[in-house]
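Visitor: Data file data-v2.cif (mmCIF, C-alpha atoms and all ligand atoms) is appended below.
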data_entry
#
loop_
_atom_site.label_atom_id
_atom_site.label_comp_id
_atom_site.auth_asym_id
_atom_site.auth_seq_id
_atom_site.Cartn_x
_atom_site.Cartn_y
_atom_site.Cartn_z
CA MET A 18 -34.54 155.25 63.42
CA GLU A 19 -35.46 158.88 63.29
CA VAL A 20 -35.90 160.28 59.78
CA ILE A 21 -33.91 163.45 59.10
CA LYS A 22 -36.30 165.40 56.92
CA PRO A 23 -35.43 167.89 54.15
CA GLY A 24 -35.02 171.33 55.67
CA SER A 25 -32.67 169.85 58.31
CA THR A 26 -28.96 170.66 58.37
CA ILE A 27 -26.31 168.09 57.47
CA GLY A 28 -22.85 168.74 58.94
CA ILE A 29 -19.89 167.46 56.93
CA LEU A 30 -16.45 166.83 58.45
CA GLY A 31 -14.18 167.72 55.53
CA GLY A 32 -14.68 170.28 52.78
CA GLY A 33 -13.27 168.53 49.70
CA GLN A 34 -14.89 167.53 46.44
CA LEU A 35 -16.85 164.65 47.97
CA GLY A 36 -18.43 167.02 50.49
CA ARG A 37 -19.15 169.43 47.66
CA MET A 38 -20.97 166.80 45.61
CA ILE A 39 -22.87 165.52 48.68
CA SER A 40 -24.02 169.11 49.30
CA LEU A 41 -25.01 169.73 45.69
CA ALA A 42 -27.13 166.55 45.66
CA GLY A 43 -28.62 167.32 49.08
CA ARG A 44 -29.49 170.90 48.19
CA ASN A 45 -31.73 169.55 45.41
CA MET A 46 -33.55 167.59 48.09
CA GLY A 47 -33.95 170.66 50.33
CA TYR A 48 -31.26 169.98 52.94
CA ARG A 49 -28.96 172.64 54.34
CA PHE A 50 -25.22 172.14 54.83
CA ILE A 51 -22.42 173.19 57.12
CA THR A 52 -18.85 172.00 56.66
CA LEU A 53 -15.64 171.98 58.68
CA ASP A 54 -12.35 172.34 56.81
CA PRO A 55 -9.02 174.09 57.46
CA THR A 56 -8.91 175.66 53.95
CA PRO A 57 -11.04 178.81 53.63
CA ASP A 58 -13.60 178.74 50.80
CA SER A 59 -13.09 174.99 50.37
CA PRO A 60 -14.77 173.10 47.47
CA CYS A 61 -17.62 172.16 49.85
CA GLY A 62 -17.63 175.54 51.62
CA GLN A 63 -18.39 177.21 48.28
CA VAL A 64 -21.72 175.39 47.96
CA ALA A 65 -22.64 174.84 51.64
CA ASP A 66 -24.63 177.33 53.70
CA PHE A 67 -21.70 177.83 56.03
CA GLN A 68 -18.10 176.76 56.57
CA ILE A 69 -16.27 176.59 59.87
CA THR A 70 -12.60 177.14 59.02
CA ALA A 71 -10.48 175.21 61.53
CA PRO A 72 -8.23 172.15 61.78
CA PHE A 73 -10.05 168.79 61.92
CA SER A 74 -8.47 168.00 65.27
CA GLU A 75 -9.90 171.14 66.91
CA LEU A 76 -12.60 169.77 69.17
CA LYS A 77 -14.17 173.18 69.78
CA ALA A 78 -14.76 173.62 66.03
CA ALA A 79 -16.16 170.08 65.71
CA LYS A 80 -18.57 170.82 68.57
CA GLU A 81 -19.63 174.03 66.84
CA LEU A 82 -20.39 171.95 63.73
CA ALA A 83 -22.35 169.50 65.85
CA ASP A 84 -24.37 172.27 67.53
CA SER A 85 -25.56 173.52 64.13
CA SER A 86 -26.26 170.08 62.59
CA ASP A 87 -29.15 167.62 62.77
CA VAL A 88 -26.93 164.84 61.44
CA ILE A 89 -23.17 164.58 60.93
CA THR A 90 -21.28 162.79 58.18
CA TYR A 91 -17.67 162.70 57.01
CA GLU A 92 -16.32 162.90 53.49
CA PHE A 93 -12.88 161.33 53.94
CA GLU A 94 -11.66 158.58 56.20
CA ASN A 95 -8.74 160.38 57.79
CA VAL A 96 -11.04 162.49 59.93
CA ASP A 97 -9.71 162.34 63.49
CA SER A 98 -11.58 159.29 64.78
CA ASN A 99 -11.28 160.60 68.36
CA VAL A 100 -13.20 163.69 67.29
CA ALA A 101 -15.77 161.47 65.56
CA SER A 102 -16.19 159.27 68.63
CA ILE A 103 -16.63 162.30 70.93
CA LEU A 104 -19.23 163.77 68.53
CA GLU A 105 -20.96 160.42 68.49
CA THR A 106 -21.69 160.66 72.22
CA THR A 107 -23.48 164.02 71.91
CA SER A 108 -24.75 164.19 68.32
CA PHE A 109 -26.29 162.04 65.62
CA VAL A 110 -23.44 160.39 63.63
CA PRO A 111 -25.25 157.47 61.95
CA GLN A 112 -22.10 156.13 60.28
CA GLY A 113 -20.47 155.81 63.70
CA SER A 114 -16.76 155.90 64.41
CA THR A 115 -16.07 152.15 64.47
CA LEU A 116 -15.99 151.69 60.69
CA LEU A 117 -13.86 154.83 60.42
CA LYS A 118 -11.34 153.34 62.86
CA ILE A 119 -11.24 150.03 60.97
CA THR A 120 -10.77 151.57 57.53
CA GLN A 121 -8.12 154.03 58.75
CA ASN A 122 -5.75 151.15 59.33
CA ARG A 123 -4.95 148.45 56.75
CA ILE A 124 -4.10 145.89 59.45
CA ARG A 125 -7.45 146.31 61.21
CA GLU A 126 -9.27 146.43 57.86
CA LYS A 127 -7.75 143.23 56.48
CA THR A 128 -8.07 141.35 59.77
CA THR A 129 -11.76 142.29 60.05
CA LEU A 130 -12.45 141.35 56.42
CA HIS A 131 -10.69 138.02 56.90
CA SER A 132 -12.82 137.29 59.97
CA CYS A 133 -15.94 137.91 57.85
CA ASP A 134 -14.77 135.29 55.33
CA VAL A 135 -14.03 137.90 52.68
CA PRO A 136 -11.08 137.04 50.41
CA VAL A 137 -8.27 139.58 50.90
CA THR A 138 -4.78 139.86 49.43
CA PRO A 139 -2.45 137.56 51.43
CA PHE A 140 -0.42 139.78 53.76
CA MET A 141 1.79 139.96 56.82
CA VAL A 142 2.44 142.69 59.36
CA ILE A 143 6.08 143.82 59.58
CA GLU A 144 7.21 143.45 63.17
CA THR A 145 10.99 143.39 62.76
CA GLU A 146 13.36 144.43 60.00
CA ASN A 147 14.03 140.75 59.36
CA ASP A 148 10.37 140.26 58.27
CA ILE A 149 11.08 142.39 55.19
CA THR A 150 13.52 139.72 53.99
CA THR A 151 11.63 136.65 55.14
CA ALA A 152 8.38 137.94 53.53
CA ILE A 153 9.78 136.58 50.25
CA ASP A 154 9.45 133.02 51.61
CA CYS A 155 5.77 133.46 52.53
CA LEU A 156 4.53 135.89 49.86
CA GLY A 157 7.05 135.58 47.01
CA LEU A 158 8.27 138.36 44.73
CA PRO A 159 7.22 140.89 43.65
CA TYR A 160 5.52 142.07 46.82
CA VAL A 161 3.98 145.38 47.88
CA MET A 162 4.96 147.11 51.14
CA LYS A 163 2.33 149.60 52.39
CA THR A 164 2.00 151.90 55.37
CA ALA A 165 -0.86 150.77 57.60
CA THR A 166 -2.26 154.29 57.88
CA GLY A 167 -2.48 157.49 55.87
CA GLY A 168 -1.69 156.15 52.37
CA TYR A 169 -3.72 157.15 49.33
CA ASP A 170 -3.26 157.25 45.54
CA GLY A 171 -0.21 154.97 45.86
CA LYS A 172 1.48 157.16 48.48
CA GLY A 173 3.17 155.12 51.22
CA GLN A 174 3.63 152.12 48.89
CA TRP A 175 6.68 150.34 47.55
CA VAL A 176 6.65 147.52 45.00
CA ILE A 177 9.66 145.27 45.61
CA ARG A 178 10.44 143.25 42.50
CA ASN A 179 13.73 141.49 43.26
CA GLN A 180 16.24 140.69 46.02
CA ASP A 181 18.29 143.81 45.22
CA GLN A 182 15.35 146.06 46.12
CA ILE A 183 14.96 144.63 49.63
CA SER A 184 17.38 147.27 50.91
CA ILE A 185 15.04 149.98 49.54
CA ALA A 186 12.17 148.48 51.54
CA ILE A 187 14.29 148.25 54.71
CA GLU A 188 15.39 151.86 54.37
CA ALA A 189 11.82 153.05 53.76
CA TRP A 190 10.52 151.07 56.76
CA ASN A 191 13.21 152.46 59.09
CA LYS A 192 12.63 156.00 57.85
CA ALA A 193 8.83 155.92 58.03
CA GLY A 194 8.67 154.73 61.65
CA VAL A 195 5.00 153.69 61.27
CA ASP A 196 3.27 150.31 61.14
CA MET A 197 3.52 148.64 57.74
CA ILE A 198 2.30 145.51 56.00
CA ILE A 199 3.59 143.46 53.10
CA GLU A 200 1.09 142.14 50.58
CA GLN A 201 1.42 139.56 47.88
CA PHE A 202 1.55 141.22 44.46
CA ILE A 203 -1.63 140.27 42.62
CA PRO A 204 -1.22 140.06 38.84
CA PHE A 205 -4.83 141.15 38.28
CA SER A 206 -6.66 141.20 34.96
CA LYS A 207 -8.92 144.08 36.07
CA GLU A 208 -9.51 146.37 39.03
CA LEU A 209 -13.17 146.63 40.02
CA SER A 210 -15.16 148.52 42.60
CA VAL A 211 -18.62 148.20 44.03
CA ILE A 212 -20.34 150.87 46.09
CA VAL A 213 -23.04 149.71 48.48
CA ALA A 214 -25.50 151.83 50.38
CA ARG A 215 -27.11 150.61 53.58
CA ASN A 216 -29.56 152.50 55.79
CA ALA A 217 -30.28 152.02 59.47
CA HIS A 218 -33.32 149.87 58.60
CA GLY A 219 -30.92 147.38 56.99
CA GLN A 220 -32.02 148.10 53.43
CA MET A 221 -29.07 147.69 51.01
CA LYS A 222 -28.46 148.55 47.35
CA THR A 223 -25.37 148.14 45.19
CA PHE A 224 -24.31 150.45 42.39
CA PRO A 225 -23.32 148.83 39.08
CA VAL A 226 -19.79 147.35 39.16
CA ALA A 227 -17.15 149.78 37.85
CA GLU A 228 -14.00 148.72 36.00
CA ASN A 229 -11.21 151.05 37.07
CA VAL A 230 -8.07 151.99 35.17
CA HIS A 231 -5.25 153.59 37.17
CA THR A 232 -2.31 155.61 35.89
CA ASN A 233 0.59 156.02 38.34
CA ASN A 234 -1.67 154.54 41.06
CA ILE A 235 -4.25 157.31 40.59
CA LEU A 236 -7.69 156.53 39.22
CA HIS A 237 -7.81 157.59 35.57
CA GLN A 238 -11.03 156.05 34.25
CA SER A 239 -14.07 154.16 35.50
CA ILE A 240 -15.78 152.13 32.79
CA VAL A 241 -19.37 151.09 33.52
CA PRO A 242 -20.75 148.50 33.14
CA ALA A 243 -17.50 146.63 33.87
CA ARG A 244 -16.55 144.26 31.06
CA ILE A 245 -16.76 141.09 33.14
CA THR A 246 -18.89 137.94 33.05
CA ASP A 247 -22.28 137.76 34.74
CA GLU A 248 -20.90 135.35 37.28
CA GLN A 249 -18.00 137.66 38.16
CA ARG A 250 -20.43 140.55 38.54
CA LYS A 251 -22.64 138.54 40.87
CA THR A 252 -19.62 137.50 42.96
CA ALA A 253 -18.42 141.11 43.23
CA GLU A 254 -21.89 142.25 44.33
CA ARG A 255 -22.25 139.38 46.79
CA VAL A 256 -18.88 140.16 48.41
CA ALA A 257 -19.79 143.85 48.63
CA LEU A 258 -23.17 143.15 50.25
CA ARG A 259 -21.57 140.74 52.72
CA ILE A 260 -19.14 143.48 53.79
CA ALA A 261 -21.86 146.13 54.18
CA GLU A 262 -23.99 143.71 56.22
CA SER A 263 -21.16 142.35 58.40
CA PHE A 264 -19.85 145.85 59.17
CA GLN A 265 -23.43 147.12 59.78
CA VAL A 266 -22.66 150.06 57.50
CA VAL A 267 -24.95 153.08 57.54
CA GLY A 268 -24.23 155.30 54.54
CA LEU A 269 -21.98 154.23 51.70
CA ILE A 270 -19.06 151.87 51.54
CA ALA A 271 -16.85 151.56 48.47
CA ILE A 272 -15.06 148.27 47.97
CA GLU A 273 -12.03 148.10 45.68
CA MET A 274 -11.30 144.65 44.30
CA PHE A 275 -8.88 142.80 42.06
CA LEU A 276 -10.16 140.36 39.45
CA THR A 277 -7.30 137.88 39.19
CA ASN A 278 -6.15 136.19 35.98
CA GLU A 279 -7.96 133.08 37.26
CA GLY A 280 -11.24 135.00 37.55
CA GLU A 281 -11.18 135.21 41.34
CA ILE A 282 -12.34 138.33 43.23
CA ILE A 283 -10.03 139.60 46.01
CA VAL A 284 -10.78 142.69 48.11
CA ASN A 285 -8.00 145.31 48.10
CA GLU A 286 -9.39 148.11 50.25
CA LEU A 287 -12.47 149.85 51.61
CA ALA A 288 -13.61 153.46 51.82
CA PRO A 289 -16.56 154.27 54.12
CA ARG A 290 -17.88 157.14 51.97
CA PRO A 291 -18.70 158.16 48.39
CA HIS A 292 -15.83 157.19 46.10
CA ASN A 293 -14.13 158.55 43.00
CA SER A 294 -15.05 155.35 41.13
CA GLY A 295 -18.73 156.13 41.78
CA HIS A 296 -18.74 159.57 40.16
CA TYR A 297 -20.19 158.01 37.01
CA SER A 298 -23.48 157.57 38.92
CA MET A 299 -24.03 161.36 38.89
CA ASP A 300 -25.05 161.23 35.24
CA ALA A 301 -25.61 157.55 34.45
CA CYS A 302 -27.77 156.21 37.30
CA ILE A 303 -31.30 157.04 38.40
CA THR A 304 -29.86 157.85 41.84
CA SER A 305 -26.32 159.18 42.26
CA GLN A 306 -23.99 157.90 44.99
CA PHE A 307 -24.23 161.31 46.66
CA GLU A 308 -28.03 161.33 46.84
CA GLN A 309 -27.91 157.72 48.03
CA HIS A 310 -25.50 158.62 50.81
CA ILE A 311 -27.87 161.32 52.03
CA ARG A 312 -30.85 158.97 51.81
CA ALA A 313 -28.95 156.34 53.82
CA ILE A 314 -27.75 158.60 56.63
CA CYS A 315 -31.11 160.39 56.85
CA GLY A 316 -33.07 157.15 57.22
CA LEU A 317 -34.90 157.55 53.89
CA PRO A 318 -35.65 154.63 51.55
CA LEU A 319 -32.76 154.01 49.15
CA GLY A 320 -33.10 155.14 45.53
CA ASP A 321 -33.01 153.02 42.38
CA THR A 322 -29.43 152.57 41.12
CA THR A 323 -30.28 151.34 37.62
CA LEU A 324 -27.69 152.28 35.00
CA LEU A 325 -29.25 154.32 32.19
CA SER A 326 -26.34 154.31 29.74
CA PRO A 327 -22.81 152.98 29.21
CA ILE A 328 -20.39 155.54 30.60
CA ILE A 329 -16.70 156.30 30.98
CA MET A 330 -15.70 158.67 33.77
CA VAL A 331 -12.33 160.32 33.23
CA ASN A 332 -10.56 162.21 36.00
CA ILE A 333 -9.21 165.71 35.42
CA LEU A 334 -5.92 166.12 37.30
CA GLY A 335 -3.98 169.37 37.68
CA GLN A 336 -1.97 168.68 34.51
CA HIS A 337 -5.18 168.25 32.46
CA LEU A 338 -7.14 171.28 33.65
CA SER A 339 -5.92 173.98 31.24
CA LYS A 340 -6.44 171.65 28.26
CA VAL A 341 -10.01 170.93 29.41
CA LEU A 342 -10.73 174.66 29.72
CA ASP A 343 -9.22 175.34 26.28
CA LYS A 344 -11.33 172.59 24.73
CA MET A 345 -14.71 173.38 26.27
CA ASP A 346 -16.13 174.02 22.80
CA GLN A 347 -15.02 170.55 21.64
CA LEU A 348 -16.66 168.53 24.42
CA PRO A 349 -19.37 166.27 22.97
CA PRO A 350 -22.93 167.28 23.97
CA THR A 351 -23.31 164.01 25.91
CA ALA A 352 -20.19 164.68 28.02
CA LYS A 353 -20.87 166.12 31.47
CA LEU A 354 -18.18 168.26 33.09
CA HIS A 355 -17.78 168.47 36.86
CA LEU A 356 -15.15 170.80 38.36
CA TYR A 357 -14.46 171.02 42.06
CA GLY A 358 -13.65 174.73 42.50
CA LYS A 359 -10.17 174.10 43.93
CA LYS A 360 -8.17 177.31 44.10
CA GLU A 361 -4.80 175.74 43.44
CA SER A 362 -4.07 173.26 40.72
CA SER A 363 -1.01 171.02 40.94
CA LYS A 364 0.25 167.89 39.24
CA ASN A 365 -1.85 164.81 40.06
CA ARG A 366 -4.33 166.83 42.18
CA LYS A 367 -7.93 165.83 41.42
CA MET A 368 -9.57 168.97 39.98
CA GLY A 369 -12.69 167.49 38.40
CA HIS A 370 -13.98 164.76 36.11
CA ILE A 371 -15.90 164.31 32.88
CA ASN A 372 -18.62 161.71 32.44
CA PHE A 373 -18.78 160.56 28.80
CA LEU A 374 -22.12 158.92 28.01
CA GLY A 375 -22.98 157.06 24.83
CA PRO A 376 -24.23 153.88 23.28
CA THR A 377 -20.91 152.02 22.94
CA PHE A 378 -17.46 152.06 24.55
CA GLU A 379 -15.88 152.28 21.09
CA GLN A 380 -17.66 155.57 20.51
CA LEU A 381 -16.77 156.89 23.96
CA ASN A 382 -13.10 155.94 23.58
CA GLN A 383 -13.02 157.70 20.24
CA GLN A 384 -14.48 160.87 21.78
CA ILE A 385 -11.95 160.75 24.63
CA ASN A 386 -8.99 160.14 22.30
CA GLU A 387 -10.01 162.89 19.87
CA LEU A 388 -9.93 165.48 22.65
CA GLN A 389 -6.22 164.75 23.24
CA ILE A 390 -6.44 165.90 26.84
CA TRP A 391 -5.05 162.80 28.51
CA THR A 392 -2.34 161.88 26.00
P1 LIG B 401 -4.19 150.97 47.23
O1 LIG B 401 -3.73 152.24 47.85
O2 LIG B 401 -4.03 149.77 48.13
O3 LIG B 401 -5.57 151.07 46.65
O4 LIG B 401 -3.23 150.72 45.96
C1 LIG B 401 -3.20 151.59 44.86
C2 LIG B 401 -3.03 150.80 43.58
O5 LIG B 401 -1.80 150.03 43.62
C3 LIG B 401 -4.12 149.75 43.36
O6 LIG B 401 -5.25 150.35 42.77
C4 LIG B 401 -3.40 148.79 42.43
O7 LIG B 401 -3.36 149.27 41.11
C5 LIG B 401 -1.98 148.77 42.98
N1 LIG B 401 -1.84 147.70 44.00
C6 LIG B 401 -2.05 147.84 45.32
N2 LIG B 401 -1.85 146.67 45.97
C7 LIG B 401 -1.51 145.76 45.05
C8 LIG B 401 -1.21 144.37 45.10
N3 LIG B 401 -1.19 143.70 46.25
N4 LIG B 401 -0.94 143.75 43.93
C9 LIG B 401 -0.96 144.43 42.75
N5 LIG B 401 -1.21 145.74 42.64
C10 LIG B 401 -1.50 146.42 43.76
#
So that I can check it, write out the structure of this file as structure tokens.

Guide:
Amino acid sequence: MEVIKPGSTIGILGGGQLGRMISLAGRNMGYRFITLDPTPDSPCGQVADFQITAPFSELKAAKELADSSDVITYEFENVDSNVASILETTSFVPQGSTLLKITQNRIREKTTLHSCDVPVTPFMVIETENDITTAIDCLGLPYVMKTATGGYDGKGQWVIRNQDQISIAIEAWNKAGVDMIIEQFIPFSKELSVIVARNAHGQMKTFPVAENVHTNNILHQSIVPARITDEQRKTAERVALRIAESFQVVGLIAIEMFLTNEGEIIVNELAPRPHNSGHYSMDACITSQFEQHIRAICGLPLGDTTLLSPIIMVNILGQHLSKVLDKMDQLPPTAKLHLYGKKESSKNRKMGHINFLGPTFEQLNQQINELQIWT
């Protein structure tokens, strides 16, 4: 594969925080950036060399991006996959559009994972209204109904706990008018994620396993290293590597997993890009997930992912931002603040994160609690 050398221009479909952090890492390495996003002065646009402001579905704008780029990447998986596949025919899109298409749809994603012998949450596709009732016989209660496409941070999801709530699920299904699945509810002991990088030469590297804590279905904290046994860690890494290899990933893939009460690892979902649960790597690993993504798509050797310190990453949502700004003088000297430059703050919108580094989790939890930002 051709090596895209520093000095070249990387085009990013999407101008959010992930694009911003890819650009910041790549600028250190000497790359130039151009981004496409409908919001003027987007988080990525603020740090890129240039932003094309247009809807993602506008082919003319995507072609303009392609004309100015030596390599194209995407920073979120709901990029119009038709646009990505057209770009693929004329430009260098090393991640390809196939993985994008698979991960945009839970049915395709789970079916593909299953065919690669990867353990996934037992599920069924809803074909008729009656399936919403009969799902109880195959999957039991509670169960989770999810839209096949477009869901994130718990949006497009309904947990059905008893017979009386079936009518809620039926109403939601009729109203949504999109494909949906029903999954068995997994009473997990922990949620984990593993990010794997793979380059076109087939070289692969995992990042240390993160233990993720969600509040209202939104990632709140990533604790690294995850507090799991050595064997569980090896299983999580093995599953992640198998996925990256089977899917012939180029770039990053983030794999979210459940660790069940019985100690089993089950894959929940995939993201073919840098991931919120990998933000800890910016300050705690020799190579960050963003630098690694650039290395992978540019055909460079992958960097060392060794963890240098225990770390807790805490997300800053809209409701936390003013408290963070008021308490800047109280942040410990080993806490690293990252803000995304979003113009508008709203409840539950991801505005930034803080990486708390230190020798023990007890100490880090104490620092986090004393700040009283997330209480
Ligand atoms: P997802 O959008 O699939 O990542 O789901 C968001 C969050 O909902 C997950 O991080 C879990 O906390 C929870 N969740 C999703 N699916 C299940 C399930 N099948 N069983 C238990 N909890 C789930």

Visitor: Quick one: which chain A residues come within 9 Å of ligand LIG 401 (chain B), and what is the nearest atom pair for each with the distance in Å to one decimal, counting all atoms listed in the file, rows ordered by chain and ascending number, as JSON lines?

Guide:
{"residue": "A:Arg123", "atom": "CA", "partner": "B:LIG401", "partner_atom": "O2", "distance": 8.8}
{"residue": "A:Thr138", "atom": "CA", "partner": "B:LIG401", "partner_atom": "N3", "distance": 6.1}
{"residue": "A:Pro139", "atom": "CA", "partner": "B:LIG401", "partner_atom": "N3", "distance": 8.1}
{"residue": "A:Phe140", "atom": "CA", "partner": "B:LIG401", "partner_atom": "N3", "distance": 8.5}
{"residue": "A:Pro159", "atom": "CA", "partner": "B:LIG401", "partner_atom": "N4", "distance": 8.7}
{"residue": "A:Tyr160", "atom": "CA", "partner": "B:LIG401", "partner_atom": "N3", "distance": 6.9}
{"residue": "A:Val161", "atom": "CA", "partner": "B:LIG401", "partner_atom": "N3", "distance": 5.7}
{"residue": "A:Met162", "atom": "CA", "partner": "B:LIG401", "partner_atom": "N2", "distance": 8.6}
{"residue": "A:Lys163", "atom": "CA", "partner": "B:LIG401", "partner_atom": "O2", "distance": 7.7}
{"residue": "A:Gly168", "atom": "CA", "partner": "B:LIG401", "partner_atom": "O1", "distance": 6.3}
{"residue": "A:Tyr169", "atom": "CA", "partner": "B:LIG401", "partner_atom": "O1", "distance": 5.1}
{"residue": "A:Asp170", "atom": "CA", "partner": "B:LIG401", "partner_atom": "O1", "distance": 5.5}
{"residue": "A:Gly171", "atom": "CA", "partner": "B:LIG401", "partner_atom": "C1", "distance": 4.6}
{"residue": "A:Lys172", "atom": "CA", "partner": "B:LIG401", "partner_atom": "O1", "distance": 7.2}
{"residue": "A:Gly173", "atom": "CA", "partner": "B:LIG401", "partner_atom": "O1", "distance": 8.2}
{"residue": "A:Gln174", "atom": "CA", "partner": "B:LIG401", "partner_atom": "O1", "distance": 7.4}
{"residue": "A:Val176", "atom": "CA", "partner": "B:LIG401", "partner_atom": "C10", "distance": 8.3}
{"residue": "A:Ile199", "atom": "CA", "partner": "B:LIG401", "partner_atom": "N3", "distance": 8.4}
{"residue": "A:Glu200", "atom": "CA", "partner": "B:LIG401", "partner_atom": "N3", "distance": 5.1}
{"residue": "A:Gln201", "atom": "CA", "partner": "B:LIG401", "partner_atom": "N3", "distance": 5.2}
{"residue": "A:Phe202", "atom": "CA", "partner": "B:LIG401", "partner_atom": "N4", "distance": 3.6}
{"residue": "A:Ile203", "atom": "CA", "partner": "B:LIG401", "partner_atom": "N4", "distance": 3.8}
{"residue": "A:Pro204", "atom": "CA", "partner": "B:LIG401", "partner_atom": "C9", "distance": 5.9}
{"residue": "A:Phe205", "atom": "CA", "partner": "B:LIG401", "partner_atom": "C9", "distance": 6.8}
{"residue": "A:Glu208", "atom": "CA", "partner": "B:LIG401", "partner_atom": "O6", "distance": 6.9}
{"residue": "A:Asn229", "atom": "CA", "partner": "B:LIG401", "partner_atom": "O6", "distance": 8.3}
{"residue": "A:Val230", "atom": "CA", "partner": "B:LIG401", "partner_atom": "O7", "distance": 8.1}
{"residue": "A:His231", "atom": "CA", "partner": "B:LIG401", "partner_atom": "O7", "distance": 6.1}
{"residue": "A:Thr232", "atom": "CA", "partner": "B:LIG401", "partner_atom": "O7", "distance": 8.3}
{"residue": "A:Asn233", "atom": "CA", "partner": "B:LIG401", "partner_atom": "C2", "distance": 8.2}
{"residue": "A:Asn234", "atom": "CA", "partner": "B:LIG401", "partner_atom": "C2", "distance": 4.7}
{"residue": "A:Ile235", "atom": "CA", "partner": "B:LIG401", "partner_atom": "C1", "distance": 7.2}
{"residue": "A:Leu236", "atom": "CA", "partner": "B:LIG401", "partner_atom": "O6", "distance": 7.5}
{"residue": "A:Glu273", "atom": "CA", "partner": "B:LIG401", "partner_atom": "O3", "distance": 7.2}
{"residue": "A:Met274", "atom": "CA", "partner": "B:LIG401", "partner_atom": "O6", "distance": 8.5}
{"residue": "A:Phe275", "atom": "CA", "partner": "B:LIG401", "partner_atom": "C9", "distance": 8.1}
{"residue": "A:Asn285", "atom": "CA", "partner": "B:LIG401", "partner_atom": "O2", "distance": 6.0}
{"residue": "A:Glu286", "atom": "CA", "partner": "B:LIG401", "partner_atom": "O2", "distance": 6.0}
{"residue": "A:Leu287", "atom": "CA", "partner": "B:LIG401", "partner_atom": "O3", "distance": 8.6}

Visitor: Per residue of region 259-326 of chain A within 9 Å of region 356-372 of chain A, which atom pair is closest and at what distance in Å (one decimal), using all atoms listed in the file, listed by chain and increasing number, as a tab-separated table?

Guide:
residue	atom	partner	partner_atom	distance
A:His296	CA	A:Asn372	CA	8.0
A:Tyr297	CA	A:Asn372	CA	6.1
A:Met299	CA	A:Asn372	CA	8.4
A:Asp300	CA	A:Asn372	CA	7.0
A:Ala301	CA	A:Asn372	CA	8.4

Visitor: With all atoms of region 126-132 of chain A from the file as input, state the centre and edge lengths in Å to one decimal of the axis-aligned box that has 5 Å extra on each side, as AutoDock Vina command-line options.

Guide:
--center_x -10.3 --center_y 141.9 --center_z 58.2 --size_x 15.1 --size_y 19.1 --size_z 13.6

Visitor: Which polymer residues, whether protein, DNA or RNA, lie within 9 Å of the coordinate (-33.1, 167.7, 59.1) when you count all atoms listed in the file? List them as an MDAnalysis selection string, using the chain letters and numbers from the file.

Guide: chainID A and resid 20:27 48:49 86:88 315

Visitor: So how many Å separate CA of Val110 (chain A) and CA of Lys127 (chain A), to one decimal?

Guide: 24.3 Å

Visitor: Could you jot down the CA of Ser206 (chain A) to CA of Asn278 (chain A) separation for me, Å, one decimal place?

Guide: 5.1 Å

Visitor: Just to confirm, what's the straight-line distance from CA of Gln220 (chain A) to CA of Pro318 (chain A) in Å (one decimal)?

Guide: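 Distance between the two atoms: 7.7 Å.
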
Visitor: Could you check the closest approach to Gly33 (chain A) for each of A:Leu158, A:Ala65, A:Met46, A:Ile385 and tell me which residue wins, using all atoms listed in the file?

Guide: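 Of A:Leu158, A:Ala65, A:Met46, A:Ile385, the one nearest Gly33 (chain A) is A:Ala65, counting all atoms listed in the file.
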
Visitor: Please return, as a PyMOL selection string, all polymer residues that have at least one atom within 10 Å of the point (12.3, 139.2, 51.4); use all atoms listed in the file and the file's own coordinate frame.

Guide: chain A and resi 147-160+177-184+186-187+199
